[in-house]
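Below is one structure, written out as structure tokens; the observations come after it.
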Amino acid sequence: MIGWVLVGATIITYGSNFLAYRYLKKRRSDWFEKIALYFGVNMSVLFADGIFLFIAKLIEEGILLIE
């Protein structure tokens with residue numbers, strides 16, 4: 001289960017980076033604004049991925065304890 005959650009988290013992370021890149025490619029902005037947006041997107045997505053992995057680990061450990 002953890003493997004599938006990790007694969008999904010990786011796809012979400014790279015997908016959000018690709019969308020941020022496409023958005024910033026069309027938009028004319030300063031380099032500092034682009035860096036800030038990339039860091040903001042990455043930190044938000046990685047925080048959400050960490051929460052999903054933590055919940056998946058709790059569920060997996062709970063299922064193993066029940067058995």
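Ordering of the structure tokens sets the chain letters (A, B, ...), residue numbers begin anew at 1 in every chain, and ligands are numbered from 1 in the order given.
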
Who sits within 12 Å of A:Val45, only C-alpha atoms, same chain under 3 positions skipped, as a list in words: Gly8, Ala9, Thr10, Ile11, Ile12, Thr13, Tyr14, Gly15, Ser16, Asn17, Ala20, Tyr38, Phe39, Gly40, Val41, Asn42, Ala48, Asp49, Gly50, Ile51 and Phe52 of chain A

Take the residues that were just selected and, keeping all heavy atoms, output them as a short mmCIF file (atom, residue, chain, number, x, y, z; two decimals), in the first residue's frame.
data_model
loop_
_atom_site.label_atom_id
_atom_site.label_comp_id
_atom_site.auth_asym_id
_atom_site.auth_seq_id
_atom_site.Cartn_x
_atom_site.Cartn_y
_atom_site.Cartn_z
N GLY A 8 1.81 7.48 -6.34
CA GLY A 8 0.82 8.55 -6.55
C GLY A 8 1.34 9.90 -6.11
O GLY A 8 1.13 10.92 -6.79
N ALA A 9 2.05 9.95 -4.98
CA ALA A 9 2.62 11.21 -4.50
C ALA A 9 3.66 11.74 -5.48
O ALA A 9 3.75 12.95 -5.72
CB ALA A 9 3.23 11.01 -3.12
N THR A 10 4.46 10.85 -6.05
CA THR A 10 5.47 11.26 -7.03
C THR A 10 4.81 11.83 -8.28
O THR A 10 5.24 12.86 -8.80
CB THR A 10 6.37 10.07 -7.40
OG1 THR A 10 6.95 9.55 -6.21
CG2 THR A 10 7.46 10.47 -8.36
N ILE A 11 3.77 11.18 -8.75
CA ILE A 11 3.06 11.67 -9.94
C ILE A 11 2.42 13.03 -9.66
O ILE A 11 2.50 13.94 -10.49
CB ILE A 11 2.00 10.64 -10.39
CG1 ILE A 11 2.70 9.40 -10.95
CG2 ILE A 11 1.05 11.24 -11.42
CD1 ILE A 11 1.78 8.24 -11.21
N ILE A 12 1.83 13.21 -8.49
CA ILE A 12 1.23 14.49 -8.14
C ILE A 12 2.29 15.58 -8.04
O ILE A 12 2.09 16.70 -8.52
CB ILE A 12 0.44 14.37 -6.82
CG1 ILE A 12 -0.82 13.53 -7.04
CG2 ILE A 12 0.07 15.74 -6.27
CD1 ILE A 12 -1.55 13.17 -5.78
N THR A 13 3.44 15.27 -7.45
CA THR A 13 4.51 16.25 -7.30
C THR A 13 5.05 16.69 -8.66
O THR A 13 5.16 17.89 -8.93
CB THR A 13 5.65 15.68 -6.44
OG1 THR A 13 5.12 15.28 -5.18
CG2 THR A 13 6.74 16.70 -6.24
N TYR A 14 5.39 15.74 -9.50
CA TYR A 14 5.92 16.10 -10.81
C TYR A 14 4.86 16.75 -11.70
O TYR A 14 5.17 17.63 -12.50
CB TYR A 14 6.53 14.88 -11.51
CG TYR A 14 7.87 14.51 -10.94
CD1 TYR A 14 8.07 13.29 -10.34
CD2 TYR A 14 8.93 15.40 -10.99
CE1 TYR A 14 9.30 12.94 -9.80
CE2 TYR A 14 10.16 15.07 -10.48
CZ TYR A 14 10.35 13.85 -9.88
OH TYR A 14 11.56 13.52 -9.34
N GLY A 15 3.61 16.33 -11.55
CA GLY A 15 2.53 16.95 -12.32
C GLY A 15 2.32 18.40 -11.92
O GLY A 15 2.13 19.28 -12.78
N SER A 16 2.37 18.68 -10.63
CA SER A 16 2.19 20.07 -10.19
C SER A 16 3.38 20.93 -10.61
O SER A 16 3.21 22.10 -10.95
CB SER A 16 1.98 20.14 -8.68
OG SER A 16 3.13 19.69 -8.01
N ASN A 17 4.59 20.36 -10.59
CA ASN A 17 5.75 21.11 -11.08
C ASN A 17 5.63 21.41 -12.57
O ASN A 17 5.99 22.50 -13.01
CB ASN A 17 7.04 20.33 -10.82
CG ASN A 17 7.47 20.43 -9.39
OD1 ASN A 17 7.17 21.40 -8.71
ND2 ASN A 17 8.16 19.41 -8.93
N ALA A 20 3.08 24.21 -12.96
CA ALA A 20 3.67 25.48 -12.55
C ALA A 20 4.63 26.00 -13.61
O ALA A 20 4.65 27.20 -13.91
CB ALA A 20 4.39 25.34 -11.21
N TYR A 38 7.80 28.40 -7.44
CA TYR A 38 8.24 27.00 -7.47
C TYR A 38 8.39 26.44 -6.06
O TYR A 38 7.95 25.33 -5.77
CB TYR A 38 9.57 26.86 -8.21
CG TYR A 38 9.45 26.87 -9.71
CD1 TYR A 38 10.30 27.63 -10.49
CD2 TYR A 38 8.51 26.08 -10.35
CE1 TYR A 38 10.21 27.64 -11.86
CE2 TYR A 38 8.41 26.07 -11.72
CZ TYR A 38 9.27 26.86 -12.47
OH TYR A 38 9.17 26.85 -13.82
N PHE A 39 9.04 27.20 -5.16
CA PHE A 39 9.21 26.73 -3.79
C PHE A 39 7.87 26.59 -3.08
O PHE A 39 7.65 25.65 -2.33
CB PHE A 39 10.13 27.65 -3.00
CG PHE A 39 11.59 27.42 -3.27
CD1 PHE A 39 12.43 28.49 -3.49
CD2 PHE A 39 12.12 26.14 -3.30
CE1 PHE A 39 13.78 28.29 -3.75
CE2 PHE A 39 13.45 25.93 -3.56
CZ PHE A 39 14.30 27.01 -3.77
N GLY A 40 6.97 27.53 -3.30
CA GLY A 40 5.67 27.46 -2.67
C GLY A 40 4.88 26.25 -3.12
O GLY A 40 4.27 25.55 -2.30
N VAL A 41 4.89 25.98 -4.41
CA VAL A 41 4.18 24.81 -4.94
C VAL A 41 4.81 23.53 -4.41
O VAL A 41 4.10 22.63 -3.94
CB VAL A 41 4.19 24.83 -6.49
CG1 VAL A 41 3.78 23.49 -7.06
CG2 VAL A 41 3.29 25.92 -7.01
N ASN A 42 6.12 23.45 -4.44
CA ASN A 42 6.79 22.23 -3.99
C ASN A 42 6.56 21.97 -2.50
O ASN A 42 6.30 20.83 -2.10
CB ASN A 42 8.29 22.30 -4.28
CG ASN A 42 8.60 21.94 -5.70
OD1 ASN A 42 7.93 21.12 -6.29
ND2 ASN A 42 9.62 22.57 -6.26
N ALA A 48 1.51 17.92 1.71
CA ALA A 48 0.32 17.08 1.52
C ALA A 48 0.72 15.62 1.28
O ALA A 48 0.09 14.70 1.81
CB ALA A 48 -0.51 17.60 0.35
N ASP A 49 1.78 15.39 0.49
CA ASP A 49 2.26 14.03 0.26
C ASP A 49 2.71 13.37 1.55
O ASP A 49 2.46 12.18 1.78
CB ASP A 49 3.42 14.02 -0.74
CG ASP A 49 2.98 14.37 -2.15
OD1 ASP A 49 1.76 14.32 -2.42
OD2 ASP A 49 3.86 14.69 -2.98
N GLY A 50 3.36 14.11 2.41
CA GLY A 50 3.79 13.58 3.70
C GLY A 50 2.62 13.17 4.57
O GLY A 50 2.67 12.13 5.25
N ILE A 51 1.57 13.98 4.55
CA ILE A 51 0.37 13.63 5.32
C ILE A 51 -0.26 12.36 4.77
O ILE A 51 -0.66 11.47 5.54
CB ILE A 51 -0.63 14.80 5.31
CG1 ILE A 51 -0.08 15.96 6.13
CG2 ILE A 51 -1.99 14.37 5.84
CD1 ILE A 51 -0.89 17.23 6.04
N PHE A 52 -0.36 12.25 3.44
CA PHE A 52 -0.93 11.04 2.84
C PHE A 52 -0.10 9.80 3.18
O PHE A 52 -0.65 8.74 3.49
CB PHE A 52 -1.04 11.18 1.32
CG PHE A 52 -2.04 12.19 0.87
CD1 PHE A 52 -1.80 12.97 -0.25
CD2 PHE A 52 -3.22 12.39 1.56
CE1 PHE A 52 -2.72 13.90 -0.68
CE2 PHE A 52 -4.15 13.33 1.15
CZ PHE A 52 -3.89 14.09 0.03
#

Pick from A:Tyr21, A:Ala36, A:Ala56, A:Lys26, whichever lies nearest to A:Trp4 using only C-alpha atoms: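 Using only C-alpha atoms, the shortest distance to A:Trp4 belongs to A:Ala56.
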